[in-house]
Structures are given as C-alpha cells and as structure tokens.
$ cat data34.pdb   # PDB, C-alpha atoms
ATOM      1  CA  MET A1489      45.810  59.732  77.898
ATOM      2  CA  THR A1490      47.510  63.026  78.732
ATOM      3  CA  ILE A1491      48.657  61.665  82.100
ATOM      4  CA  LEU A1492      50.100  58.551  80.436
ATOM      5  CA  ASN A1493      51.968  60.670  77.888
ATOM      6  CA  ALA A1494      53.411  62.891  80.636
ATOM      7  CA  SER A1495      54.495  59.831  82.602
ATOM      8  CA  ALA A1496      56.136  58.330  79.541
ATOM      9  CA  ALA A1497      57.944  61.592  78.802
ATOM     10  CA  ALA A1498      59.181  61.824  82.388
ATOM     11  CA  THR A1499      60.422  58.240  82.228
ATOM     12  CA  SER A1500      62.258  58.936  78.969
ATOM     13  CA  ARG A1501      63.970  61.927  80.530
ATOM     14  CA  ARG A1502      65.388  59.828  83.348
ATOM     15  CA  ARG A1503      69.054  59.066  82.989
ATOM     16  CA  PRO A1504      70.009  55.386  82.634
ATOM     17  CA  PRO A1505      71.761  53.804  85.645
ATOM     18  CA  ARG A1506      75.084  53.584  83.796
ATOM     19  CA  ALA A1507      75.064  57.329  83.024
ATOM     20  CA  MET A1508      74.103  58.100  86.633
ATOM     21  CA  ALA A1509      76.972  55.951  87.954
ATOM     22  CA  GLY A1510      79.400  57.658  85.565
ATOM     23  CA  SER A1511      78.256  61.076  86.771
ATOM     24  CA  VAL A1512      78.760  60.077  90.419
ATOM     25  CA  VAL A1513      82.243  58.737  89.706
ATOM     26  CA  TRP A1514      83.153  61.895  87.804
ATOM     27  CA  HIS A1515      81.984  64.167  90.631
ATOM     28  CA  LEU A1516      83.875  62.099  93.206
ATOM     29  CA  PHE A1517      87.000  62.373  91.072
ATOM     30  CA  CYS A1518      86.599  66.153  90.834
ATOM     31  CA  LEU A1519      86.145  66.403  94.606
ATOM     32  CA  ALA A1520      89.276  64.310  95.146
ATOM     33  CA  VAL A1521      91.298  66.572  92.839
ATOM     34  CA  LEU A1522      89.868  69.646  94.593
ATOM     35  CA  ALA A1523      90.854  68.249  97.997
ATOM     36  CA  LEU A1524      94.361  67.542  96.693
ATOM     37  CA  LEU A1525      94.731  71.091  95.377
ATOM     38  CA  LEU A1526      93.322  72.681  98.530
ATOM     39  CA  TYR A1527      95.391  70.559 100.917
ATOM     40  CA  PRO A1528      98.303  73.059 101.167
ATOM     41  CA  VAL A1529      95.876  75.892 101.948
ATOM     42  CA  LEU A1530      94.022  73.789 104.524
ATOM     43  CA  TRP A1531      97.335  72.724 106.069
ATOM     44  CA  LEU A1532      98.401  76.374 106.280
ATOM     45  CA  LEU A1533      95.103  77.307 107.927
ATOM     46  CA  GLY A1534      95.340  74.448 110.423
ATOM     47  CA  SER A1535      99.008  75.129 111.205
ATOM     48  CA  SER A1536      98.206  78.753 111.993
ATOM     49  CA  PHE A1537      96.305  77.478 115.063
ATOM     50  CA  LYS A1538      99.065  75.086 116.201
ATOM     51  CA  PRO A1539     101.607  75.937 118.902
ATOM     52  CA  GLY A1540     105.222  76.160 117.778
ATOM     53  CA  SER A1541     106.157  72.765 119.208
ATOM     54  CA  GLU A1542     103.389  71.021 117.261
ATOM     55  CA  ILE A1543     103.942  72.524 113.794
ATOM     56  CA  LEU A1544     106.965  70.363 112.936
ATOM     57  CA  THR A1545     105.702  67.208 114.662
ATOM     58  CA  ASN A1546     102.018  67.113 113.664
ATOM     59  CA  ASN A1547     101.570  66.717 109.897
ATOM     60  CA  SER A1548      97.788  66.515 109.999
ATOM     61  CA  VAL A1549      95.554  69.397 108.975
ATOM     62  CA  ILE A1550      93.653  69.516 112.270
ATOM     63  CA  PRO A1551      95.789  70.681 115.221
ATOM     64  CA  ILE A1552      95.828  68.667 118.430
ATOM     65  CA  GLU A1553      95.925  71.809 120.559
ATOM     66  CA  PHE A1554      94.236  74.980 119.285
ATOM     67  CA  THR A1555      95.858  78.306 120.100
ATOM     68  CA  PHE A1556      95.227  81.895 118.983
ATOM     69  CA  GLU A1557      98.626  83.103 120.168
ATOM     70  CA  ASN A1558      99.995  83.009 116.624
ATOM     71  CA  TYR A1559      97.374  85.493 115.433
ATOM     72  CA  LEU A1560      97.978  87.758 118.411
ATOM     73  CA  LYS A1561     101.685  87.868 117.591
ATOM     74  CA  ALA A1562     100.932  88.436 113.915
ATOM     75  CA  ILE A1563      98.647  91.384 114.746
ATOM     76  CA  GLU A1564     101.387  92.869 116.926
ATOM     77  CA  GLY A1565     103.612  92.937 113.860
ATOM     78  CA  VAL A1566     107.222  91.988 113.286
ATOM     79  CA  ALA A1567     110.539  93.809 113.762
ATOM     80  CA  GLY A1568     108.735  96.876 115.133
ATOM     81  CA  ILE A1569     106.350  97.138 112.160
ATOM     82  CA  SER A1570     102.661  96.728 112.931
ATOM     83  CA  LEU A1571     100.410  94.505 110.857
ATOM     84  CA  TRP A1572      98.203  97.481 110.002
ATOM     85  CA  GLN A1573     101.141  99.410 108.557
ATOM     86  CA  LEU A1574     102.146  96.416 106.430
ATOM     87  CA  PHE A1575      98.547  96.046 105.292
ATOM     88  CA  ALA A1576      98.211  99.750 104.497
ATOM     89  CA  ASN A1577     101.417  99.739 102.437
ATOM     90  CA  SER A1578     100.296  96.710 100.415
ATOM     91  CA  MET A1579      96.853  98.200  99.876
ATOM     92  CA  THR A1580      98.325 101.548  98.790
ATOM     93  CA  ILE A1581     100.578  99.919  96.203
ATOM     94  CA  SER A1582      97.777  97.692  94.911
ATOM     95  CA  ILE A1583      95.237 100.510  94.584
ATOM     96  CA  LEU A1584      97.705 102.816  92.823
ATOM     97  CA  THR A1585      98.668  99.953  90.514
ATOM     98  CA  VAL A1586      95.021  99.383  89.606
ATOM     99  CA  VAL A1587      94.417 103.070  88.914
ATOM    100  CA  GLY A1588      97.594 103.383  86.852
ATOM    101  CA  ASN A1589      96.938 100.304  84.744
ATOM    102  CA  VAL A1590      93.287 101.140  84.078
ATOM    103  CA  VAL A1591      93.901 104.766  83.086
ATOM    104  CA  SER A1592      97.103 104.404  81.060
ATOM    105  CA  CYS A1593      96.268 101.099  79.376
ATOM    106  CA  ALA A1594      92.806 102.305  78.373
ATOM    107  CA  LEU A1595      94.256 105.442  76.762
ATOM    108  CA  ALA A1596      96.995 103.499  74.979
ATOM    109  CA  ALA A1597      94.528 100.881  73.772
ATOM    110  CA  TYR A1598      92.190 103.551  72.380
ATOM    111  CA  ALA A1599      95.087 105.167  70.508
ATOM    112  CA  PHE A1600      96.173 101.879  68.950
ATOM    113  CA  ALA A1601      92.646 100.728  68.117
ATOM    114  CA  ARG A1602      91.056 103.919  66.791
ATOM    115  CA  MET A1603      93.651 106.576  65.921
ATOM    116  CA  GLN A1604      95.875 106.757  62.845
ATOM    117  CA  PHE A1605      99.440 107.990  63.423
ATOM    118  CA  VAL A1606     102.890 107.408  61.981
ATOM    119  CA  GLY A1607     104.568 104.248  63.241
ATOM    120  CA  ARG A1608     101.445 102.778  64.816
ATOM    121  CA  THR A1609     102.060  99.264  63.461
ATOM    122  CA  ALA A1610     105.729  99.264  64.496
ATOM    123  CA  LEU A1611     104.924 100.552  67.981
ATOM    124  CA  PHE A1612     102.166  97.991  68.395
ATOM    125  CA  ALA A1613     104.532  95.168  67.374
ATOM    126  CA  PHE A1614     107.176  96.488  69.777
ATOM    127  CA  MET A1615     104.635  96.637  72.602
ATOM    128  CA  ILE A1616     103.490  93.057  71.977
ATOM    129  CA  SER A1617     107.103  91.853  71.938
ATOM    130  CA  THR A1618     107.615  93.157  75.474
ATOM    131  CA  ILE A1619     105.191  90.504  76.738
ATOM    132  CA  MET A1620     107.818  87.871  75.934
ATOM    133  CA  LEU A1621     110.590  89.833  77.690
ATOM    134  CA  PRO A1622     111.407  88.453  81.164
ATOM    135  CA  MET A1623     111.286  90.933  84.021
ATOM    136  CA  HIS A1624     114.813  89.988  85.114
ATOM    137  CA  VAL A1625     116.285  91.287  81.840
ATOM    138  CA  VAL A1626     115.258  94.884  82.547
ATOM    139  CA  LEU A1627     115.558  94.729  86.332
ATOM    140  CA  ILE A1628     119.117  96.081  86.576
ATOM    141  CA  PRO A1629     118.624  98.954  84.072
ATOM    142  CA  GLN A1630     115.406  99.958  85.815
ATOM    143  CA  PHE A1631     117.079  99.837  89.225
ATOM    144  CA  ILE A1632     119.907 102.090  87.978
ATOM    145  CA  ILE A1633     117.414 104.599  86.573
ATOM    146  CA  PHE A1634     115.290 104.722  89.723
ATOM    147  CA  ASN A1635     118.421 104.920  91.880
ATOM    148  CA  GLU A1636     119.676 107.923  89.893
ATOM    149  CA  LEU A1637     116.269 109.559  90.366
ATOM    150  CA  GLY A1638     116.387 108.954  94.132
ATOM    151  CA  MET A1639     113.259 106.790  94.179
ATOM    152  CA  ILE A1640     114.699 103.686  95.855
ATOM    153  CA  GLY A1641     112.975 103.054  99.181
ATOM    154  CA  THR A1642     109.677 104.572  98.028
ATOM    155  CA  PHE A1643     106.585 103.243  96.274
ATOM    156  CA  LEU A1644     107.377 105.121  93.046
ATOM    157  CA  PRO A1645     109.441 102.377  91.309
ATOM    158  CA  LEU A1646     106.534  99.988  91.840
ATOM    159  CA  VAL A1647     103.736 102.394  90.916
ATOM    160  CA  LEU A1648     105.102 104.952  88.444
ATOM    161  CA  PRO A1649     105.585 102.512  85.503
ATOM    162  CA  LYS A1650     101.920 101.486  85.806
ATOM    163  CA  PHE A1651     100.885 105.040  84.833
ATOM    164  CA  LEU A1652     102.974 104.757  81.651
ATOM    165  CA  ALA A1653     101.097 101.782  80.112
ATOM    166  CA  THR A1654     103.961  99.338  80.642
ATOM    167  CA  GLU A1655     101.622  96.350  81.073
ATOM    168  CA  ALA A1656     101.371  95.195  77.459
ATOM    169  CA  PHE A1657      98.996  92.368  78.348
ATOM    170  CA  PHE A1658      96.301  94.766  79.567
ATOM    171  CA  VAL A1659      96.842  97.090  76.603
ATOM    172  CA  PHE A1660      96.383  94.189  74.202
ATOM    173  CA  LEU A1661      93.315  93.024  76.149
ATOM    174  CA  MET A1662      91.651  96.419  75.793
ATOM    175  CA  ILE A1663      92.664  96.814  72.145
ATOM    176  CA  GLN A1664      90.921  93.566  71.287
ATOM    177  CA  PHE A1665      87.814  94.720  73.134
ATOM    178  CA  ILE A1666      87.718  98.160  71.484
ATOM    179  CA  ARG A1667      88.064  96.576  68.047
ATOM    180  CA  GLY A1668      84.797  94.776  68.734
ATOM    181  CA  ILE A1669      82.942  98.061  69.289
ATOM    182  CA  PRO A1670      81.238  99.262  66.062
ATOM    183  CA  ARG A1671      82.950 102.228  64.453
ATOM    184  CA  GLU A1672      79.530 103.666  63.659
ATOM    185  CA  LEU A1673      79.407 104.873  67.267
ATOM    186  CA  ASP A1674      82.577 106.899  66.720
ATOM    187  CA  GLU A1675      81.160 108.342  63.505
ATOM    188  CA  ALA A1676      77.901 109.298  65.242
ATOM    189  CA  ALA A1677      79.889 111.031  68.003
ATOM    190  CA  LEU A1678      81.947 112.863  65.355
ATOM    191  CA  ILE A1679      78.776 114.088  63.638
ATOM    192  CA  ASP A1680      77.557 115.423  66.985
ATOM    193  CA  GLY A1681      80.778 117.442  67.261
ATOM    194  CA  ALA A1682      82.718 115.226  69.654
ATOM    195  CA  GLY A1683      86.471 115.036  69.263
ATOM    196  CA  PRO A1684      88.630 111.976  70.016
ATOM    197  CA  TYR A1685      88.827 112.745  73.734
ATOM    198  CA  ARG A1686      85.080 113.167  74.195
ATOM    199  CA  THR A1687      84.439 110.118  72.035
ATOM    200  CA  PHE A1688      86.717 108.092  74.277
ATOM    201  CA  GLY A1689      85.249 109.425  77.515
ATOM    202  CA  TRP A1690      81.561 109.339  76.625
ATOM    203  CA  VAL A1691      81.285 106.520  74.075
ATOM    204  CA  ILE A1692      84.159 104.032  74.249
ATOM    205  CA  LEU A1693      85.017 104.091  77.948
ATOM    206  CA  PRO A1694      81.519 103.179  79.244
ATOM    207  CA  LEU A1695      81.424 100.224  76.848
ATOM    208  CA  MET A1696      84.819  98.990  78.068
ATOM    209  CA  ARG A1697      83.497  97.981  81.475
ATOM    210  CA  PRO A1698      84.200  94.212  81.104
ATOM    211  CA  ALA A1699      87.800  94.840  80.015
ATOM    212  CA  ILE A1700      88.314  97.423  82.757
ATOM    213  CA  VAL A1701      86.960  95.075  85.420
ATOM    214  CA  THR A1702      89.243  92.288  84.187
ATOM    215  CA  THR A1703      92.241  94.640  84.305
ATOM    216  CA  THR A1704      91.277  95.775  87.792
ATOM    217  CA  ILE A1705      91.034  92.256  89.174
ATOM    218  CA  PHE A1706      94.274  90.974  87.687
ATOM    219  CA  SER A1707      96.178  94.157  88.573
ATOM    220  CA  PHE A1708      95.095  93.991  92.205
ATOM    221  CA  ILE A1709      95.844  90.285  92.632
ATOM    222  CA  TRP A1710      99.218  90.425  90.875
ATOM    223  CA  SER A1711     100.287  93.539  92.755
ATOM    224  CA  TRP A1712      99.168  92.204  96.131
ATOM    225  CA  ASN A1713     101.045  88.919  95.651
ATOM    226  CA  ASP A1714     104.151  90.562  94.172
ATOM    227  CA  PHE A1715     107.322  89.989  96.160
ATOM    228  CA  PHE A1716     110.548  90.239  94.171
ATOM    229  CA  PRO A1717     110.229  93.871  92.949
ATOM    230  CA  GLN A1718     109.199  94.933  96.445
ATOM    231  CA  LEU A1719     112.243  93.163  97.864
ATOM    232  CA  ILE A1720     114.477  95.035  95.403
ATOM    233  CA  TYR A1721     113.060  98.556  95.685
ATOM    234  CA  LEU A1722     111.745  98.780  99.269
ATOM    235  CA  ASN A1723     114.692  99.006 101.658
ATOM    236  CA  LYS A1724     113.074 101.007 104.448
ATOM    237  CA  SER A1725     111.073  99.293 107.176
ATOM    238  CA  GLU A1726     108.300 101.905 107.124
ATOM    239  CA  SER A1727     107.563 101.051 103.480
ATOM    240  CA  PHE A1728     107.506  97.252 103.897
ATOM    241  CA  THR A1729     104.456  95.339 102.676
ATOM    242  CA  MET A1730     102.724  92.186 103.887
ATOM    243  CA  GLN A1731     104.928  90.026 101.670
ATOM    244  CA  LEU A1732     108.133  91.527 103.034
ATOM    245  CA  GLY A1733     106.744  91.265 106.551
ATOM    246  CA  LEU A1734     106.384  87.502 106.109
ATOM    247  CA  ARG A1735     110.063  87.296 105.223
ATOM    248  CA  LEU A1736     111.013  89.006 108.482
ATOM    249  CA  PHE A1737     109.605  86.104 110.511
ATOM    250  CA  VAL A1738     112.337  83.901 109.072
ATOM    251  CA  ASP A1739     115.252  86.318 109.386
ATOM    252  CA  GLN A1740     114.636  88.086 112.671
ATOM    253  CA  THR A1741     115.824  85.264 114.951
ATOM    254  CA  SER A1742     117.910  82.146 114.664
ATOM    255  CA  ALA A1743     114.759  80.039 115.194
ATOM    256  CA  SER A1744     112.078  80.846 112.617
ATOM    257  CA  ALA A1745     108.697  81.852 114.053
ATOM    258  CA  PHE A1746     106.599  79.545 111.894
ATOM    259  CA  GLY A1747     103.368  79.945 113.888
ATOM    260  CA  PRO A1748     103.029  83.730 113.563
ATOM    261  CA  MET A1749     104.299  83.532 109.980
ATOM    262  CA  PHE A1750     101.528  81.071 109.072
ATOM    263  CA  ALA A1751      98.979  83.258 110.839
ATOM    264  CA  MET A1752     100.098  86.341 108.912
ATOM    265  CA  SER A1753     100.035  84.273 105.710
ATOM    266  CA  VAL A1754      96.370  83.494 106.319
ATOM    267  CA  LEU A1755      95.663  87.176 106.975
ATOM    268  CA  ALA A1756      97.524  88.100 103.774
ATOM    269  CA  ILE A1757      95.394  85.684 101.743
ATOM    270  CA  LEU A1758      92.067  86.978 103.074
ATOM    271  CA  PRO A1759      91.948  90.216 100.987
ATOM    272  CA  ILE A1760      92.559  88.227  97.796
ATOM    273  CA  VAL A1761      89.863  85.699  98.684
ATOM    274  CA  VAL A1762      87.332  88.440  99.492
ATOM    275  CA  PHE A1763      88.266  90.440  96.397
ATOM    276  CA  PHE A1764      87.937  87.433  94.111
ATOM    277  CA  ALA A1765      84.659  86.313  95.719
ATOM    278  CA  VAL A1766      83.108  89.753  95.201
ATOM    279  CA  PHE A1767      84.283  90.248  91.604
ATOM    280  CA  GLN A1768      84.224  86.635  90.389
ATOM    281  CA  ARG A1769      81.149  87.168  88.219
ATOM    282  CA  TYR A1770      82.648  90.262  86.604
ATOM    283  CA  LEU A1771      85.909  88.404  85.983
ATOM    284  CA  ILE A1772      84.144  85.618  84.088
ATOM    285  CA  ASP A1773      82.098  88.118  82.051
ATOM    286  CA  GLY A1774      85.187  90.168  81.267
ATOM    287  CA  MET A1775      87.252  87.204  80.142
ATOM    288  CA  ALA A1776      84.378  86.011  77.951
ATOM    289  CA  THR A1777      83.896  89.342  76.177
ATOM    290  CA  SER A1778      87.385  90.899  76.072
ATOM    291  CA  GLY A1779      88.669  89.351  72.871
ATOM    292  CA  LEU A1780      90.690  86.537  74.437
ATOM    293  CA  LYS A1781      88.779  83.965  72.425
ATOM    294  CA  GLY A1782      90.853  84.903  69.380
TER     295      GLY A1782
END

$ encode --input "data34.pdb" --output "structure tokens"
Amino acid sequence: MTILNASAAATSRRRPPRAMAGSVVWHLFCLAVLALLLYPVLWLLGSSFKPGSEILTNNSVIPIEFTFENYLKAIEGVAGISLWQLFANSMTISILTVVGNVVSCALAAYAFARMQFVGRTALFAFMISTIMLPMHVVLIPQFIIFNELGMIGTFLPLVLPKFLATEAFFVFLMIQFIRGIPRELDEAALIDGAGPYRTFGWVILPLMRPAIVTTTIFSFIWSWNDFFPQLIYLNKSESFTMQLGLRLFVDQTSASAFGPMFAMSVLAILPIVVFFAVFQRYLIDGMATSGLKG
C-alpha cells in the first residue's frame, strides 16, 4: 500500500504535457532573446580574430581566416603608449574611485542617518536633488575650477570629487541601509563608552558590508567604463586610459585600424567580466538588503 501511495504521489507531481510544452517554449524564447542581446559582443569577439580585409566584408560572427595579429598589435599599444600603461592608468583611477566612494559616502551616510545637526533635512534634500542634475550642467564650472588649480592632465579631477561624497546615489543607498540597523546597537555602544566615531567604526561599519560591496562593484564598473570625463580632463598621453586608447585607433591614421581596436576592446571588457563574475553573488545580496526595495 505504501508503494502504491508513493507511486500515486509521484504521478501527481508530474507536470501535465501542456505545462511542459509551455516551459520549453518559454526557455527557447529566453535563449533567443539572450542570443540577440549577446550578438554584438559575439560579433566583436569574432571580429577581433579577423584580418583587416575581412572585417568589413564578412558580417558573420565566425571569421573565415583566424589571425592573432590584432591582439599582438593591441598589446604593443597605440601612439607610443603601451597597453600595460593604459591598463595601469585605468586600474589606478578605478581603485581610487572605489576607495573614495566607499570611505566618503559611508561617513556622509552615517552622519545623515544617525547624527542630529542643524540643517540636516535641508542638506539631505539638496543632496538628493543632485541625482537629477545632469553631469553636463556642472562640467564647465568644474573644468574652470580644476584648471585654476592646475589639475588638468592629472587623475585628480576624476578622483578627488569621489573623496568628497559627491556620489549622491551611493550616499542614499547607505543611508537606507543604516536606517535598517537597530538603534539599540548604538545605545549599547554609548553605554560602553563609545563615541560616534567608535560606534561607526566598530558597530555600524561591519554591518554595512552588503551596501559597501554594492558601492564597490558599481563604482569600479562605472569608473572603468567612463569615457567623457577622461576625454575632458586627461590631455597628456602618459595619463591616457584604456578608453582613450581605443579612440586613438580611429584618429592616428587616415584608415582606421579596426582589427587592433576590436582586440583592445575585448581586452578592455575582460576586467569587467572577471570582476562581475567574482562579485556577482555579493551584488545580488547587496541590492536585496540595501533598502532599494522602498
């Protein structure tokens, strides 16, 4: 009798044929959409192995003739700048951006979420309003200020604002997370004799790991892929980044070197892919617990 009941239960758990067919159709549709979205990336990867004469004539993803010459030229660099120097400059800017955003935004968020001071509400509203302000509106005033300070051509215009909590999105993200931490922890730290700085460093900061990881991931990806501010502020070849190096493949000769440019594009994407693959789990956890649900 037990065997018959188990068999009946297993049969009842089986999905009907119509539901199974619907699931197959849905998965095929998702795979088709995924292939459509990934086609430009696959075409870029395939074109990086094509010779120059085949790039404009062969529209398929798979090259007819494989060649690694494009990658060899990309590794050599462009306009006298080596690939490793371009990579080091991009990595330096991205790492400093991550450090600046994490430190300054965490401190600003703690002040807004836990401390009482005059004008806190007005300052918080002003900070939130800057999210809706386009970057191009403040570009010229910022350029004039950095030019007067003699910072044009260096990394400072790209990195220094990050240490001043200018990224309102990350500040708001951390504020929402800190507000979810029980205030009883702050009161217990106060009873033990801890001031606001020790409370932040020993109580709040360790609990902010999901929000900090989310800020780290977004800061690195956005900074690595940034192009326009780097084009504006970096006017010396020794300070060029990977993104500016890609632009040189178009401007250095009358005939654009598409093959090496595609190869360098693939190499520029690799750090983002590796970074996202390593921290994907932390990104999902951080987004789920950082107050973005409203």

$ resolve_selection --input "data34.pdb" --expression "the PyMOL selection byres ((chain A and resi 1587-1590) around 10)" --output "count of residues only"
31

$ resolve_selection --input "data34.pdb" --expression "the PyMOL selection byres ((chain A and resi 1663) around 8)" --output "VMD selection string"
chain A and resid 1597 to 1598 1600 to 1601 1659 to 1662 1664 to 1667

$ resolve_selection --input "data34.pdb" --expression "the PyMOL selection byres ((chain A and resi 1562-1573) around 8)" --output "list in words"
Asn1558, Tyr1559, Leu1560, Lys1561, Leu1574, Phe1575, Ala1576, Asn1577, Ser1725, Glu1726, Thr1729, Met1730, Gly1733, Leu1736, Phe1737, Gln1740, Pro1748, Met1749, Ala1751 and Met1752 of chain A

$ write_last_selection --input "data34.pdb" --atoms "C-alpha atoms" --output "PDB file, keeping the file's coordinate frame"
ATOM      1  CA  ASN A1558      99.995  83.009 116.624  1.00  0.00           C
ATOM      2  CA  TYR A1559      97.374  85.493 115.433  1.00  0.00           C
ATOM      3  CA  LEU A1560      97.978  87.758 118.411  1.00  0.00           C
ATOM      4  CA  LYS A1561     101.685  87.868 117.591  1.00  0.00           C
ATOM      5  CA  LEU A1574     102.146  96.416 106.430  1.00  0.00           C
ATOM      6  CA  PHE A1575      98.547  96.046 105.292  1.00  0.00           C
ATOM      7  CA  ALA A1576      98.211  99.750 104.497  1.00  0.00           C
ATOM      8  CA  ASN A1577     101.417  99.739 102.437  1.00  0.00           C
ATOM      9  CA  SER A1725     111.073  99.293 107.176  1.00  0.00           C
ATOM     10  CA  GLU A1726     108.300 101.905 107.124  1.00  0.00           C
ATOM     11  CA  THR A1729     104.456  95.339 102.676  1.00  0.00           C
ATOM     12  CA  MET A1730     102.724  92.186 103.887  1.00  0.00           C
ATOM     13  CA  GLY A1733     106.744  91.265 106.551  1.00  0.00           C
ATOM     14  CA  LEU A1736     111.013  89.006 108.482  1.00  0.00           C
ATOM     15  CA  PHE A1737     109.605  86.104 110.511  1.00  0.00           C
ATOM     16  CA  GLN A1740     114.636  88.086 112.671  1.00  0.00           C
ATOM     17  CA  PRO A1748     103.029  83.730 113.563  1.00  0.00           C
ATOM     18  CA  MET A1749     104.299  83.532 109.980  1.00  0.00           C
ATOM     19  CA  ALA A1751      98.979  83.258 110.839  1.00  0.00           C
ATOM     20  CA  MET A1752     100.098  86.341 108.912  1.00  0.00           C
TER      21      MET A1752
END

$ closest_residue --input "data34.pdb" --among "A:Leu1611, A:Val1691, A:Leu1755, A:Ile1720" --to "His1624 in chain A" --atoms "only C-alpha atoms"
A:Ile1720

$ closest_residue --input "data34.pdb" --among "A:Pro1551, A:Leu1644, A:Phe1767, A:Val1512" --to "Pro1698 in chain A" --atoms "all atoms listed in the file"
A:Phe1767

$ atom_distance --input "data34.pdb" --atom1 "CA of Pro1528 in chain A" --atom2 "CA of Phe1763 in chain A"
20.6 Å

$ residues_around --input "data34.pdb" --residues "Phe1716 in chain A" --least-positions-apart "2" --cutoff "12 Å" --atoms "only C-alpha atoms" --output "list in words"
Met1623, His1624, Leu1627, Leu1646, Trp1710, Ser1711, Trp1712, Asn1713, Asp1714, Gln1718, Leu1719, Ile1720, Tyr1721, Leu1722, Thr1729, Gln1731, Leu1732 and Arg1735 of chain A

$ atom_distance --input "data34.pdb" --atom1 "CA of Pro1629 in chain A" --atom2 "CA of Lys1724 in chain A"
21.2 Å

$ atom_distance --input "data34.pdb" --atom1 "CA of Pro1694 in chain A" --atom2 "CA of Phe1706 in chain A"
19.6 Å

$ axis_aligned_box --input "data34.pdb" --around "range 1752-1771 of chain A" --padding-each-side "3 Å" --output "AutoDock Vina command-line options"
--center_x 90.6 --center_y 87.0 --center_z 97.4 --size_x 24.9 --size_y 12.9 --size_z 28.9

$ residues_around --input "data34.pdb" --residues "Gly1534 in chain A" --least-positions-apart "2" --cutoff "6 Å" --atoms "all atoms listed in the file" --output "number ranges by chain"
A: 1531-1532, 1536-1537, 1549-1550

$ closest_residue --input "data34.pdb" --among "A:Ala1677, A:Met1615, A:Met1603, A:Met1579" --to "Ile1760 in chain A" --atoms "all atoms listed in the file"
A:Met1579

$ residues_around --input "data34.pdb" --residues "Glu1672 in chain A" --least-positions-apart "6" --cutoff "12 Å" --atoms "all atoms listed in the file" --output "ChimeraX atom specification"
/A:1602,1678-1679,1687,1691-1692

$ write_last_selection --input "data34.pdb" --atoms "C-alpha atoms" --output "CSV table (one decimal), in the coordinates of the input"
chain,number,residue,atom,x,y,z
A,1602,ARG,CA,91.1,103.9,66.8
A,1678,LEU,CA,81.9,112.9,65.4
A,1679,ILE,CA,78.8,114.1,63.6
A,1687,THR,CA,84.4,110.1,72.0
A,1691,VAL,CA,81.3,106.5,74.1
A,1692,ILE,CA,84.2,104.0,74.2

$ closest_residue --input "data34.pdb" --among "A:Ala1676, A:Pro1759, A:Phe1688, A:Met1639" --to "Ser1578 in chain A" --atoms "all atoms listed in the file"
A:Pro1759

$ decode --input "data34.pdb" --residues "range 1603-1617 of chain A" --atoms "N, CA, C and O atoms" --output "CSV table (one decimal), in the first residue's frame"
chain,number,residue,atom,x,y,z
A,1603,MET,N,23.2,61.1,13.1
A,1603,MET,CA,23.6,62.3,13.9
A,1603,MET,C,22.5,63.4,13.7
A,1603,MET,O,21.8,63.4,12.7
A,1604,GLN,N,22.4,64.2,14.7
A,1604,GLN,CA,21.4,65.3,14.7
A,1604,GLN,C,22.3,66.6,14.6
A,1604,GLN,O,23.1,66.9,15.4
A,1605,PHE,N,22.1,67.4,13.5
A,1605,PHE,CA,22.8,68.7,13.4
A,1605,PHE,C,21.9,69.7,12.6
A,1605,PHE,O,20.9,69.3,12.0
A,1606,VAL,N,22.2,70.9,12.7
A,1606,VAL,CA,21.4,72.0,12.1
A,1606,VAL,C,21.4,71.9,10.6
A,1606,VAL,O,22.5,71.8,10.0
A,1607,GLY,N,20.3,71.9,10.0
A,1607,GLY,CA,20.2,71.9,8.5
A,1607,GLY,C,20.3,70.5,7.9
A,1607,GLY,O,20.5,70.4,6.7
A,1608,ARG,N,20.2,69.5,8.7
A,1608,ARG,CA,20.3,68.1,8.2
A,1608,ARG,C,19.3,67.8,7.1
A,1608,ARG,O,19.6,67.3,6.1
A,1609,THR,N,18.0,68.2,7.4
A,1609,THR,CA,17.0,67.9,6.4
A,1609,THR,C,17.2,68.6,5.1
A,1609,THR,O,17.0,68.1,4.0
A,1610,ALA,N,17.6,69.9,5.2
A,1610,ALA,CA,17.8,70.7,4.0
A,1610,ALA,C,19.0,70.2,3.2
A,1610,ALA,O,18.9,70.1,2.0
A,1611,LEU,N,20.0,69.8,3.9
A,1611,LEU,CA,21.2,69.3,3.2
A,1611,LEU,C,20.9,67.9,2.6
A,1611,LEU,O,21.4,67.6,1.5
A,1612,PHE,N,20.1,67.1,3.2
A,1612,PHE,CA,19.8,65.8,2.7
A,1612,PHE,C,18.9,66.0,1.4
A,1612,PHE,O,19.1,65.3,0.4
A,1613,ALA,N,17.9,67.0,1.4
A,1613,ALA,CA,17.1,67.2,0.3
A,1613,ALA,C,18.0,67.8,-0.9
A,1613,ALA,O,17.8,67.4,-2.0
A,1614,PHE,N,19.0,68.6,-0.5
A,1614,PHE,CA,19.8,69.2,-1.6
A,1614,PHE,C,20.7,68.1,-2.2
A,1614,PHE,O,20.9,68.1,-3.4
A,1615,MET,N,21.2,67.2,-1.4
A,1615,MET,CA,22.0,66.1,-1.9
A,1615,MET,C,21.2,65.2,-2.8
A,1615,MET,O,21.6,64.8,-3.9
A,1616,ILE,N,19.9,64.9,-2.4
A,1616,ILE,CA,19.1,64.0,-3.3
A,1616,ILE,C,18.8,64.7,-4.6
A,1616,ILE,O,18.7,64.1,-5.7
A,1617,SER,N,18.6,66.0,-4.6
A,1617,SER,CA,18.3,66.7,-5.8
A,1617,SER,C,19.5,66.7,-6.8
A,1617,SER,O,19.2,66.8,-8.0
